[in-house]
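Structure data follow from data.txt (compact mmCIF, C-alpha atoms):
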# COMPACT_ATOMS: atom_id res chain seq x y z
CA MET A 1434 -38.39 78.19 94.12
CA THR A 1435 -41.14 78.82 91.56
CA THR A 1436 -42.05 75.82 89.40
CA VAL A 1437 -42.93 76.44 85.76
CA LEU A 1438 -44.45 73.85 83.44
CA VAL A 1439 -43.31 74.50 79.86
CA THR A 1440 -45.15 72.68 77.08
CA GLY A 1441 -43.24 72.17 73.84
CA VAL A 1442 -40.00 72.37 75.83
CA ALA A 1443 -37.89 70.55 73.22
CA GLY A 1444 -38.94 72.99 70.52
CA PHE A 1445 -37.23 76.18 69.42
CA ILE A 1446 -38.73 78.69 71.85
CA GLY A 1447 -39.38 76.15 74.60
CA SER A 1448 -35.76 75.02 74.88
CA ASN A 1449 -34.42 78.59 74.93
CA LEU A 1450 -37.05 79.57 77.48
CA ALA A 1451 -36.29 76.60 79.73
CA GLN A 1452 -32.58 77.45 79.75
CA ALA A 1453 -33.33 81.07 80.65
CA LEU A 1454 -35.70 80.04 83.46
CA LEU A 1455 -33.12 77.66 84.92
CA ASN A 1456 -30.54 80.44 84.78
CA ARG A 1457 -32.94 82.55 86.86
CA ASN A 1458 -33.36 79.80 89.47
CA TYR A 1459 -36.77 78.54 88.45
CA ARG A 1460 -37.66 74.88 88.62
CA VAL A 1461 -38.81 73.68 85.17
CA ILE A 1462 -41.03 70.74 84.30
CA GLY A 1463 -40.84 70.29 80.54
CA ILE A 1464 -43.16 68.24 78.34
CA ASP A 1465 -42.96 67.54 74.61
CA ASN A 1466 -44.17 64.71 72.39
CA LEU A 1467 -41.06 65.21 70.18
CA SER A 1468 -43.12 65.37 67.00
CA GLN A 1469 -41.48 68.71 66.14
CA GLY A 1470 -39.04 69.14 69.04
CA TYR A 1471 -35.58 67.61 69.35
CA ARG A 1472 -33.75 66.02 72.24
CA ARG A 1473 -30.62 67.87 71.13
CA ASN A 1474 -32.33 71.15 72.08
CA ILE A 1475 -32.56 70.18 75.76
CA ALA A 1476 -29.29 68.22 75.97
CA ALA A 1477 -27.37 71.13 77.54
CA PHE A 1478 -29.58 71.18 80.63
CA SER A 1479 -31.21 67.75 80.66
CA ASP A 1480 -29.21 66.81 83.80
CA HIS A 1481 -29.85 70.10 85.59
CA PRO A 1482 -31.14 69.36 89.11
CA SER A 1483 -34.05 71.79 88.65
CA PHE A 1484 -35.20 70.36 85.32
CA GLU A 1485 -37.25 67.31 84.47
CA PHE A 1486 -38.50 66.15 81.09
CA HIS A 1487 -41.57 64.08 80.24
CA ALA A 1488 -42.19 62.84 76.69
CA ILE A 1489 -45.97 63.27 76.67
CA ASP A 1490 -48.56 64.94 74.46
CA VAL A 1491 -50.59 67.89 75.76
CA ARG A 1492 -53.69 66.12 74.47
CA ASP A 1493 -53.16 63.36 77.06
CA GLY A 1494 -55.04 64.79 80.03
CA PRO A 1495 -54.42 61.96 82.54
CA LEU A 1496 -50.64 62.24 82.04
CA LEU A 1497 -50.69 66.04 82.01
CA ASP A 1498 -52.76 66.55 85.19
CA PRO A 1499 -50.28 65.36 87.87
CA LEU A 1500 -47.46 67.38 86.32
CA ALA A 1501 -49.56 70.53 86.04
CA ALA A 1502 -50.66 70.14 89.66
CA ARG A 1503 -47.05 70.71 90.74
CA ALA A 1504 -46.62 73.94 88.78
CA ASP A 1505 -47.08 77.54 89.90
CA VAL A 1506 -47.25 78.74 86.29
CA ILE A 1507 -47.92 76.98 82.98
CA ILE A 1508 -46.33 78.44 79.85
CA HIS A 1509 -48.10 76.81 76.93
CA LEU A 1510 -46.02 76.78 73.75
CA ALA A 1511 -46.83 73.37 72.21
CA ALA A 1512 -48.67 73.76 68.91
CA PHE A 1513 -48.87 72.76 65.27
CA LYS A 1514 -48.28 75.57 62.78
CA ILE A 1515 -49.62 76.69 59.40
CA PRO A 1516 -50.46 73.55 57.37
CA ARG A 1517 -48.57 74.67 54.26
CA TYR A 1518 -47.28 71.14 53.75
CA GLY A 1519 -49.14 69.33 56.53
CA HIS A 1520 -52.76 68.62 57.42
CA ALA A 1521 -55.24 71.13 58.78
CA LEU A 1522 -56.84 68.47 60.99
CA ASP A 1523 -53.58 67.99 62.90
CA THR A 1524 -53.23 71.73 63.46
CA LEU A 1525 -56.82 72.13 64.62
CA GLN A 1526 -56.83 69.12 66.95
CA VAL A 1527 -53.43 69.63 68.55
CA ASN A 1528 -53.97 73.32 69.18
CA THR A 1529 -57.55 73.29 70.46
CA HIS A 1530 -57.50 70.00 72.37
CA GLY A 1531 -54.15 70.83 73.93
CA MET A 1532 -55.30 74.28 75.03
CA ARG A 1533 -58.49 72.91 76.54
CA ASN A 1534 -56.49 70.37 78.55
CA ILE A 1535 -54.08 73.02 79.80
CA LEU A 1536 -56.86 75.33 80.93
CA THR A 1537 -58.91 72.53 82.50
CA THR A 1538 -56.01 71.26 84.59
CA ALA A 1539 -54.95 74.81 85.50
CA ALA A 1540 -58.47 75.63 86.69
CA LYS A 1541 -58.38 72.72 89.12
CA ASN A 1542 -55.46 74.31 90.94
CA GLY A 1543 -55.85 78.02 90.15
CA THR A 1544 -52.57 77.91 88.21
CA ARG A 1545 -51.61 80.92 86.13
CA VAL A 1546 -51.42 80.28 82.37
CA VAL A 1547 -49.25 82.17 79.88
CA PHE A 1548 -50.28 81.21 76.36
CA ALA A 1549 -48.20 81.68 73.21
CA SER A 1550 -50.59 82.71 70.45
CA THR A 1551 -49.41 84.05 67.11
CA SER A 1552 -49.26 87.18 64.98
CA ASP A 1553 -51.02 85.09 62.34
CA VAL A 1554 -54.34 85.86 64.09
CA TYR A 1555 -54.30 89.33 62.48
CA GLY A 1556 -54.69 87.58 59.15
CA ARG A 1557 -55.63 89.75 56.19
CA ASN A 1558 -56.09 92.96 58.18
CA PRO A 1559 -54.53 95.72 56.02
CA ASP A 1560 -54.27 98.29 58.83
CA LEU A 1561 -50.71 98.27 60.11
CA PRO A 1562 -48.96 98.15 62.49
CA PHE A 1563 -51.10 95.62 64.34
CA HIS A 1564 -52.08 96.50 67.90
CA GLU A 1565 -53.72 94.14 70.35
CA GLY A 1566 -57.17 95.59 69.64
CA SER A 1567 -56.87 95.23 65.86
CA ASP A 1568 -59.50 93.24 64.01
CA LEU A 1569 -58.69 89.59 63.35
CA TRP A 1570 -59.49 89.21 59.67
CA MET A 1571 -59.50 85.65 58.33
CA GLY A 1572 -59.72 84.25 54.82
CA PRO A 1573 -62.25 81.61 53.71
CA SER A 1574 -62.57 78.27 55.46
CA THR A 1575 -61.96 76.52 52.13
CA VAL A 1576 -58.31 77.62 52.39
CA LYS A 1577 -56.63 75.40 54.99
CA ARG A 1578 -53.86 77.96 55.53
CA TRP A 1579 -56.20 79.77 57.94
CA ALA A 1580 -56.66 76.71 60.17
CA TYR A 1581 -53.67 77.73 62.28
CA ALA A 1582 -54.87 81.28 62.89
CA VAL A 1583 -58.44 80.13 63.57
CA SER A 1584 -57.23 77.53 66.10
CA LYS A 1585 -55.22 80.18 67.94
CA ILE A 1586 -58.13 82.62 67.94
CA PHE A 1587 -60.31 79.90 69.44
CA ASP A 1588 -57.62 79.26 72.05
CA GLU A 1589 -57.51 82.95 72.96
CA HIS A 1590 -61.28 83.00 73.48
CA LEU A 1591 -61.02 79.81 75.50
CA CYS A 1592 -58.43 81.46 77.77
CA PHE A 1593 -60.66 84.43 78.50
CA ALA A 1594 -63.71 82.18 78.96
CA PHE A 1595 -61.84 80.22 81.64
CA GLN A 1596 -60.70 83.49 83.20
CA GLU A 1597 -64.32 84.62 83.42
CA GLU A 1598 -65.87 81.34 84.53
CA ALA A 1599 -63.09 79.97 86.78
CA ALA A 1600 -61.26 83.17 87.80
CA LEU A 1601 -58.21 81.70 86.10
CA PRO A 1602 -55.34 84.19 85.61
CA VAL A 1603 -54.28 84.13 81.95
CA THR A 1604 -51.96 86.10 79.70
CA ILE A 1605 -51.86 85.85 75.89
CA LEU A 1606 -48.76 86.60 73.82
CA ARG A 1607 -48.88 87.13 70.06
CA LEU A 1608 -45.41 86.23 68.83
CA PHE A 1609 -43.94 87.69 65.63
CA GLY A 1610 -41.47 85.70 63.51
CA GLY A 1611 -39.12 84.03 65.98
CA TYR A 1612 -35.66 82.90 64.87
CA GLY A 1613 -32.36 81.90 66.46
CA PRO A 1614 -30.46 78.90 67.87
CA ASN A 1615 -32.51 75.68 68.14
CA GLN A 1616 -34.89 76.77 65.38
CA ASN A 1617 -36.31 73.97 63.27
CA LEU A 1618 -34.32 73.78 60.04
CA THR A 1619 -37.30 72.90 57.84
CA TRP A 1620 -40.06 75.27 56.68
CA TRP A 1621 -41.63 74.58 60.08
CA GLY A 1622 -38.97 76.90 61.49
CA GLY A 1623 -39.65 79.71 59.03
CA PRO A 1624 -38.07 80.93 55.79
CA GLN A 1625 -34.85 82.05 57.47
CA SER A 1626 -34.09 78.46 58.53
CA VAL A 1627 -34.29 77.13 54.98
CA PHE A 1628 -32.49 80.15 53.51
CA ILE A 1629 -29.53 79.74 55.87
CA THR A 1630 -29.09 76.07 54.97
CA ALA A 1631 -29.29 76.91 51.26
CA ALA A 1632 -26.74 79.71 51.59
CA LEU A 1633 -24.31 77.56 53.57
CA ARG A 1634 -24.57 74.81 50.94
CA GLY A 1635 -24.52 77.14 47.94
CA GLU A 1636 -27.96 75.93 46.83
CA PRO A 1637 -30.85 77.95 45.34
CA MET A 1638 -33.16 79.64 47.84
CA GLU A 1639 -36.83 78.72 47.47
CA ILE A 1640 -38.97 81.89 47.46
CA HIS A 1641 -42.72 81.44 47.81
CA GLY A 1642 -44.86 83.81 45.76
CA ASN A 1643 -43.08 86.90 44.45
CA GLY A 1644 -41.05 87.41 47.63
CA ARG A 1645 -42.37 90.93 48.22
CA GLN A 1646 -44.46 89.88 51.23
CA THR A 1647 -42.97 91.42 54.37
CA ARG A 1648 -42.46 90.18 57.91
CA SER A 1649 -40.83 91.26 61.15
CA PHE A 1650 -38.42 88.72 62.63
CA THR A 1651 -37.73 88.58 66.37
CA TYR A 1652 -34.58 87.07 67.83
CA VAL A 1653 -35.27 84.31 70.32
CA SER A 1654 -33.63 86.05 73.30
CA ASP A 1655 -36.11 88.90 72.87
CA ILE A 1656 -39.04 86.49 72.69
CA VAL A 1657 -37.84 84.69 75.80
CA GLU A 1658 -37.43 87.96 77.69
CA GLY A 1659 -40.94 88.99 76.68
CA ILE A 1660 -42.40 85.69 77.90
CA ILE A 1661 -40.60 85.93 81.22
CA ARG A 1662 -41.70 89.54 81.73
CA CYS A 1663 -45.29 88.45 81.15
CA THR A 1664 -44.82 85.54 83.55
CA GLU A 1665 -43.41 87.64 86.37
CA ASP A 1666 -45.32 90.92 86.08
CA LYS A 1667 -48.76 91.14 87.70
CA HIS A 1668 -49.77 93.80 85.15
CA ALA A 1669 -49.75 91.10 82.46
CA VAL A 1670 -52.66 89.12 83.94
CA GLY A 1671 -55.77 89.29 81.78
CA GLU A 1672 -53.93 91.00 78.94
CA VAL A 1673 -52.87 90.34 75.34
CA PHE A 1674 -49.40 91.46 74.24
CA ASN A 1675 -47.61 91.69 70.92
CA ILE A 1676 -44.09 90.34 71.35
CA GLY A 1677 -42.15 91.23 68.24
CA SER A 1678 -39.64 93.39 66.45
CA THR A 1679 -40.76 96.33 64.32
CA GLU A 1680 -37.93 95.82 61.81
CA GLU A 1681 -39.85 94.98 58.63
CA ILE A 1682 -38.24 93.19 55.68
CA ALA A 1683 -39.46 91.62 52.43
CA ILE A 1684 -38.85 87.88 52.18
CA ILE A 1685 -36.72 88.22 49.05
CA ASP A 1686 -34.61 90.86 50.81
CA LEU A 1687 -34.26 88.53 53.80
CA ALA A 1688 -32.96 85.85 51.44
CA SER A 1689 -30.47 88.31 49.93
CA LEU A 1690 -29.26 89.40 53.37
CA ILE A 1691 -28.76 85.82 54.51
CA TRP A 1692 -26.82 85.03 51.32
CA GLU A 1693 -24.64 88.08 51.97
CA LEU A 1694 -23.89 86.82 55.49
CA ALA A 1695 -23.54 83.09 54.75
CA GLY A 1696 -23.23 82.41 51.03
CA LYS A 1697 -20.59 82.75 48.33
CA GLY A 1698 -20.92 84.37 44.92
CA GLU A 1699 -24.25 85.62 43.59
CA PRO A 1700 -27.45 84.42 45.32
CA ARG A 1701 -29.71 82.08 43.37
CA PHE A 1702 -33.47 82.09 43.83
CA THR A 1703 -36.11 79.56 42.81
CA MET A 1704 -39.55 81.16 42.69
CA VAL A 1705 -42.33 78.82 43.83
CA SER A 1706 -45.95 79.61 43.00
CA TYR A 1707 -48.51 79.43 45.77
CA ARG A 1708 -50.49 77.13 43.47
CA THR A 1709 -47.96 74.47 44.48
CA PHE A 1710 -49.72 74.31 47.86
CA GLY A 1711 -53.25 74.06 46.44
CA LYS A 1712 -55.62 76.71 47.75
CA TYR A 1713 -53.17 78.90 49.66
CA GLU A 1714 -53.16 82.55 50.66
CA ASP A 1715 -50.31 84.55 52.14
CA VAL A 1716 -50.28 87.70 54.24
CA VAL A 1717 -48.89 90.72 52.38
CA ARG A 1718 -47.44 92.56 55.40
CA ARG A 1719 -47.06 91.81 59.08
CA ILE A 1720 -45.59 94.21 61.64
CA PRO A 1721 -46.53 94.79 65.31
CA ASP A 1722 -47.25 97.83 67.40
CA PRO A 1723 -45.24 96.97 70.55
CA GLY A 1724 -46.46 99.96 72.56
CA LYS A 1725 -48.56 98.06 75.08
CA ALA A 1726 -45.69 95.84 76.22
CA GLN A 1727 -43.49 98.92 76.50
CA ARG A 1728 -46.04 100.80 78.61
CA LEU A 1729 -47.13 98.01 80.95
CA LEU A 1730 -44.03 95.84 81.14
CA GLY A 1731 -41.17 98.11 80.13
CA PHE A 1732 -40.29 95.60 77.42
CA ALA A 1733 -39.20 96.05 73.81
CA PRO A 1734 -37.06 93.76 71.58
CA ASP A 1735 -33.57 95.14 71.01
CA VAL A 1736 -31.70 92.64 68.79
CA ARG A 1737 -31.31 93.95 65.26
CA LEU A 1738 -32.03 91.51 62.43
CA ARG A 1739 -28.51 91.51 60.99
CA ASP A 1740 -27.00 90.85 64.42
CA GLY A 1741 -29.47 88.09 65.22
CA LEU A 1742 -28.94 86.44 61.85
CA GLN A 1743 -25.17 86.38 62.34
CA LYS A 1744 -25.63 84.53 65.64
CA THR A 1745 -28.17 82.18 64.09
CA ILE A 1746 -25.98 81.43 61.08
CA ALA A 1747 -23.03 80.59 63.36
CA TRP A 1748 -25.20 78.17 65.32
CA GLN A 1749 -26.71 76.60 62.20
CA ARG A 1750 -23.31 76.24 60.50
CA LYS A 1751 -22.00 74.35 63.55
CA LEU A 1752 -25.06 72.09 63.76
CA LEU A 1753 -24.94 71.17 60.07
CA ALA A 1754 -21.21 70.46 60.30
CA GLU A 1755 -21.88 68.05 63.16
CA ASP A 1756 -25.05 66.57 61.68
CA PRO A 1757 -25.67 67.23 57.96
CA ALA A 1758 -29.02 65.42 58.20
CA ALA A 1759 -30.35 67.92 60.77
CA ALA A 1760 -31.93 70.03 58.01
CA GLY A 1761 -34.25 67.13 57.26
CA GLY A 1762 -35.65 66.84 60.80
CA GLY A 1763 -35.59 63.97 63.29
CA GLU A 1764 -34.71 63.75 66.98
structure tokens encoding of this file:
Amino acid sequence: MTTVLVTGVAGFIGSNLAQALLNRNYRVIGIDNLSQGYRRNIAAFSDHPSFEFHAIDVRDGPLLDPLAARADVIIHLAAFKIPRYGHALDTLQVNTHGMRNILTTAAKNGTRVVFASTSDVYGRNPDLPFHEGSDLWMGPSTVKRWAYAVSKIFDEHLCFAFQEEAALPVTILRLFGGYGPNQNLTWWGGPQSVFITAALRGEPMEIHGNGRQTRSFTYVSDIVEGIIRCTEDKHAVGEVFNIGSTEEIAIIDLASLIWELAGKGEPRFTMVSYRTFGKYEDVVRRIPDPGKAQRLLGFAPDVRLRDGLQKTIAWQRKLLAEDPAAAGGGE
């Protein structure tokens, strides 16, 4: 039985991934400091005989080392995201220190590492769709919004440096716009999380900027399948892969679609200027070229946005009915 260490296991992707791995007869060691993850996300399998959970931080090397030593593969998901409301220092420290610890402990045992990077690394690049060799084009360092992308770029370079210096097998995944059951219901989880809650409650939807910025959103089952393919397939070692849907939609159109599926009456929007966040820059368009994953791994996302949103809305409606405070965070 293959043992996989999943960091950020109580988070959105981590919890869905852990369940899928257990269903495929993997043994899973999950770690999470519960700063952004929730115990409710792992409740369904917390007593599974092939699962164990440890409430530790990836920055705590002495606690991480003995757990990592037991793993055949480490899938590193734990991270802090774009500091739209938070602090850039947290994002930079959690992401870079955590990655260094993962790679250092993996190098001691020759353990394969699969690292979840982000589509945000493509930054301002205007040449779409993004392929894995596209330039990574960042904004100025005076704009803290880029701290997340910069930390992930550093982590990617760190992965390949360890591969070169320690012959460590690594794979990097650039994830595009994940959504689905167990998503965080605050802005941490993405605009769709907040839009769904607003639609269900009949409240105005908060649109940042003019709402014409576009994204591609990828249902969590597709993300999980992509991660597992990269974990199991030898062709993924030493490679970078885009894992994401090519179905592009403007944020204001996403809000309208969610209201159509979950709201009543006419949708109401509240437009929020980026000036609200201080010095902030957004990406105008973001869409992947998934060709490499198709060629090397035979993988492509197949859940359409409308279908995925219907499943997500059903899950979110049930959660909010059981716990109305869930939209505000907490374990």
Got a sec: who's within 9 Å of segment 1508-1513 of chain A, counting all atoms listed in the file, leaving out chain neighbours fewer than 2 positions off, as a ChimeraX atom specification? /A:1437-1442,1444,1446-1447,1464-1465,1469,1490-1491,1506,1515-1516,1523-1528,1531-1532,1535,1545-1550,1581,1660,1664
Could you tell me how far atom CA of Ile1640 of chain A sits from atom CA of Asp1560 of chain A, in Å to one decimal place? 25.1 Å
Which of these, A:Val1576, A:Leu1591, A:Val1583, A:Ala1504, has the shortest distance to Leu1536 of chain A once you count all atoms listed in the file? A:Leu1591
Two-atom distance - atom CA of Asn1466 of chain A, atom CA of Glu1485 of chain A (Å):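 It comes out at 14.2 Å.
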Please, which residues in segment 1658-1712 of chain A fall within 8 Å of segment 1613-1632 of chain A when counting only C-alpha atoms, and what is the closest atom pair and distance in Å to one decimal for each, ordered by chain then residue number, as CSV?
residue,atom,partner,partner_atom,distance
A:Ile1684,CA,A:Pro1624,CA,7.9
A:Leu1687,CA,A:Gln1625,CA,7.5
A:Ala1688,CA,A:Phe1628,CA,6.1
A:Ile1691,CA,A:Ile1629,CA,6.3
A:Trp1692,CA,A:Ala1632,CA,5.3
A:Ala1695,CA,A:Ala1632,CA,5.6
A:Gly1696,CA,A:Ala1632,CA,4.5
A:Lys1697,CA,A:Ala1632,CA,7.6
A:Pro1700,CA,A:Ala1632,CA,7.9
In terms of all atoms listed in the file, the residue from A:Leu1569, A:Leu1606, A:Ala1502, A:Val1717 at minimal distance from Arg1662 of chain A is A:Leu1606
Interatomic distance, atom CA of Arg1492 of chain A to atom CA of Ser1468 of chain A (Å, one decimal):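 The value is 13.0 Å.
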Which residue gives the smallest distance to Gly1724 of chain A among A:Asp1480, A:Glu1589, A:Glu1681, A:Glu1565, with all atoms listed in the file counted?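 Looking only at the distances to Gly1724 of chain A, the closest residue turns out to be A:Glu1565.
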Counting all atoms listed in the file, which residue out of A:Pro1721, A:Leu1601, A:Gly1644, A:Gly1519 sits closest to Ser1706 of chain A? A:Gly1644
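A search radius of 10 Å centred on (-56.0, 74.6, 49.5), applied to all atoms listed in the file, returns the residues Pro1516, Arg1517, Ala1521, Ser1574, Thr1575, Val1576, Lys1577, Arg1578, Trp1579, Tyr1707, Arg1708, Thr1709, Phe1710, Gly1711, Lys1712, Tyr1713 and Glu1714 of chain A.
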All residues 12 Å or closer to Arg1503 of chain A, only C-alpha atoms, same chain fewer than 4 positions away omitted, as a ChimeraX atom specification: /A:1434-1438,1460-1463,1497-1499,1507,1538-1539,1541-1544
Report as a tab-separated table the residues of segment 1594-1710 of chain A within 10 Å of segment 1733-1738 of chain A, each with its shortest atom pair and distance in Å (one decimal), using all atoms listed in the file, ordered by chain and increasing residue number.
residue	atom	partner	partner_atom	distance
A:Tyr1612	CA	A:Leu1738	CA	9.7
A:Ser1649	CA	A:Leu1738	CA	8.9
A:Phe1650	CA	A:Leu1738	CA	7.0
A:Thr1651	CA	A:Pro1734	CA	7.4
A:Tyr1652	CA	A:Val1736	CA	6.3
A:Val1653	CA	A:Val1736	CA	9.2
A:Ser1654	CA	A:Val1736	CA	8.2
A:Asp1655	CA	A:Pro1734	CA	5.1
A:Ile1656	CA	A:Pro1734	CA	7.6
A:Glu1658	CA	A:Pro1734	CA	8.4
A:Gly1659	CA	A:Ala1733	CA	7.8
A:Asn1675	CA	A:Ala1733	CA	9.9
A:Ile1676	CA	A:Pro1734	CA	7.8
A:Gly1677	CA	A:Pro1734	CA	6.6
A:Ser1678	CA	A:Pro1734	CA	5.8
A:Thr1679	CA	A:Pro1734	CA	8.5
A:Glu1680	CA	A:Leu1738	CA	7.3
A:Glu1681	CA	A:Leu1738	CA	9.4
A:Ile1682	CA	A:Leu1738	CA	9.3
A:Leu1687	CA	A:Leu1738	CA	9.4
A:Leu1690	CA	A:Leu1738	CA	9.7
Output C-alpha atoms for every residue in the selection just made, as an mmCIF file, keeping the file's coordinate frame.
data_model
loop_
_atom_site.group_PDB
_atom_site.id
_atom_site.type_symbol
_atom_site.label_atom_id
_atom_site.label_comp_id
_atom_site.auth_asym_id
_atom_site.auth_seq_id
_atom_site.Cartn_x
_atom_site.Cartn_y
_atom_site.Cartn_z
ATOM 1 C CA TYR A 1612 -35.660 82.900 64.870
ATOM 2 C CA SER A 1649 -40.830 91.260 61.150
ATOM 3 C CA PHE A 1650 -38.420 88.720 62.630
ATOM 4 C CA THR A 1651 -37.730 88.580 66.370
ATOM 5 C CA TYR A 1652 -34.580 87.070 67.830
ATOM 6 C CA VAL A 1653 -35.270 84.310 70.320
ATOM 7 C CA SER A 1654 -33.630 86.050 73.300
ATOM 8 C CA ASP A 1655 -36.110 88.900 72.870
ATOM 9 C CA ILE A 1656 -39.040 86.490 72.690
ATOM 10 C CA GLU A 1658 -37.430 87.960 77.690
ATOM 11 C CA GLY A 1659 -40.940 88.990 76.680
ATOM 12 C CA ASN A 1675 -47.610 91.690 70.920
ATOM 13 C CA ILE A 1676 -44.090 90.340 71.350
ATOM 14 C CA GLY A 1677 -42.150 91.230 68.240
ATOM 15 C CA SER A 1678 -39.640 93.390 66.450
ATOM 16 C CA THR A 1679 -40.760 96.330 64.320
ATOM 17 C CA GLU A 1680 -37.930 95.820 61.810
ATOM 18 C CA GLU A 1681 -39.850 94.980 58.630
ATOM 19 C CA ILE A 1682 -38.240 93.190 55.680
ATOM 20 C CA LEU A 1687 -34.260 88.530 53.800
ATOM 21 C CA LEU A 1690 -29.260 89.400 53.370
#
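Residues of protein, DNA and RNA with at least one atom no farther than 10 Å from (-49.1, 98.2, 75.4) are, using all atoms listed in the file, His1564, Glu1565, Glu1672, Val1673, Phe1674, Asn1675, Asp1722, Pro1723, Gly1724, Lys1725, Ala1726, Gln1727, Arg1728, Leu1729, Leu1730, Gly1731 and Phe1732 of chain A.
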Expected file: the selected residues, C-alpha atoms, as an mmCIF file, in the coordinates of the input:
data_model
loop_
_atom_site.group_PDB
_atom_site.id
_atom_site.type_symbol
_atom_site.label_atom_id
_atom_site.label_comp_id
_atom_site.auth_asym_id
_atom_site.auth_seq_id
_atom_site.Cartn_x
_atom_site.Cartn_y
_atom_site.Cartn_z
ATOM 1 C CA HIS A 1564 -52.080 96.500 67.900
ATOM 2 C CA GLU A 1565 -53.720 94.140 70.350
ATOM 3 C CA GLU A 1672 -53.930 91.000 78.940
ATOM 4 C CA VAL A 1673 -52.870 90.340 75.340
ATOM 5 C CA PHE A 1674 -49.400 91.460 74.240
ATOM 6 C CA ASN A 1675 -47.610 91.690 70.920
ATOM 7 C CA ASP A 1722 -47.250 97.830 67.400
ATOM 8 C CA PRO A 1723 -45.240 96.970 70.550
ATOM 9 C CA GLY A 1724 -46.460 99.960 72.560
ATOM 10 C CA LYS A 1725 -48.560 98.060 75.080
ATOM 11 C CA ALA A 1726 -45.690 95.840 76.220
ATOM 12 C CA GLN A 1727 -43.490 98.920 76.500
ATOM 13 C CA ARG A 1728 -46.040 100.800 78.610
ATOM 14 C CA LEU A 1729 -47.130 98.010 80.950
ATOM 15 C CA LEU A 1730 -44.030 95.840 81.140
ATOM 16 C CA GLY A 1731 -41.170 98.110 80.130
ATOM 17 C CA PHE A 1732 -40.290 95.600 77.420
#
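With distances restricted to only C-alpha atoms, A:Val1716 is the closest residue to Gly1642 of chain A from A:Val1657, A:Ala1488, A:Val1716, A:Val1670.
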Between A:Lys1585, A:His1530, A:Arg1607, A:Arg1634, which residue has the minimum interatomic distance to Lys1514 of chain A, considering only C-alpha atoms?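 Between A:Lys1585, A:His1530, A:Arg1607, A:Arg1634, the residue approaching Lys1514 of chain A most closely is A:Lys1585.
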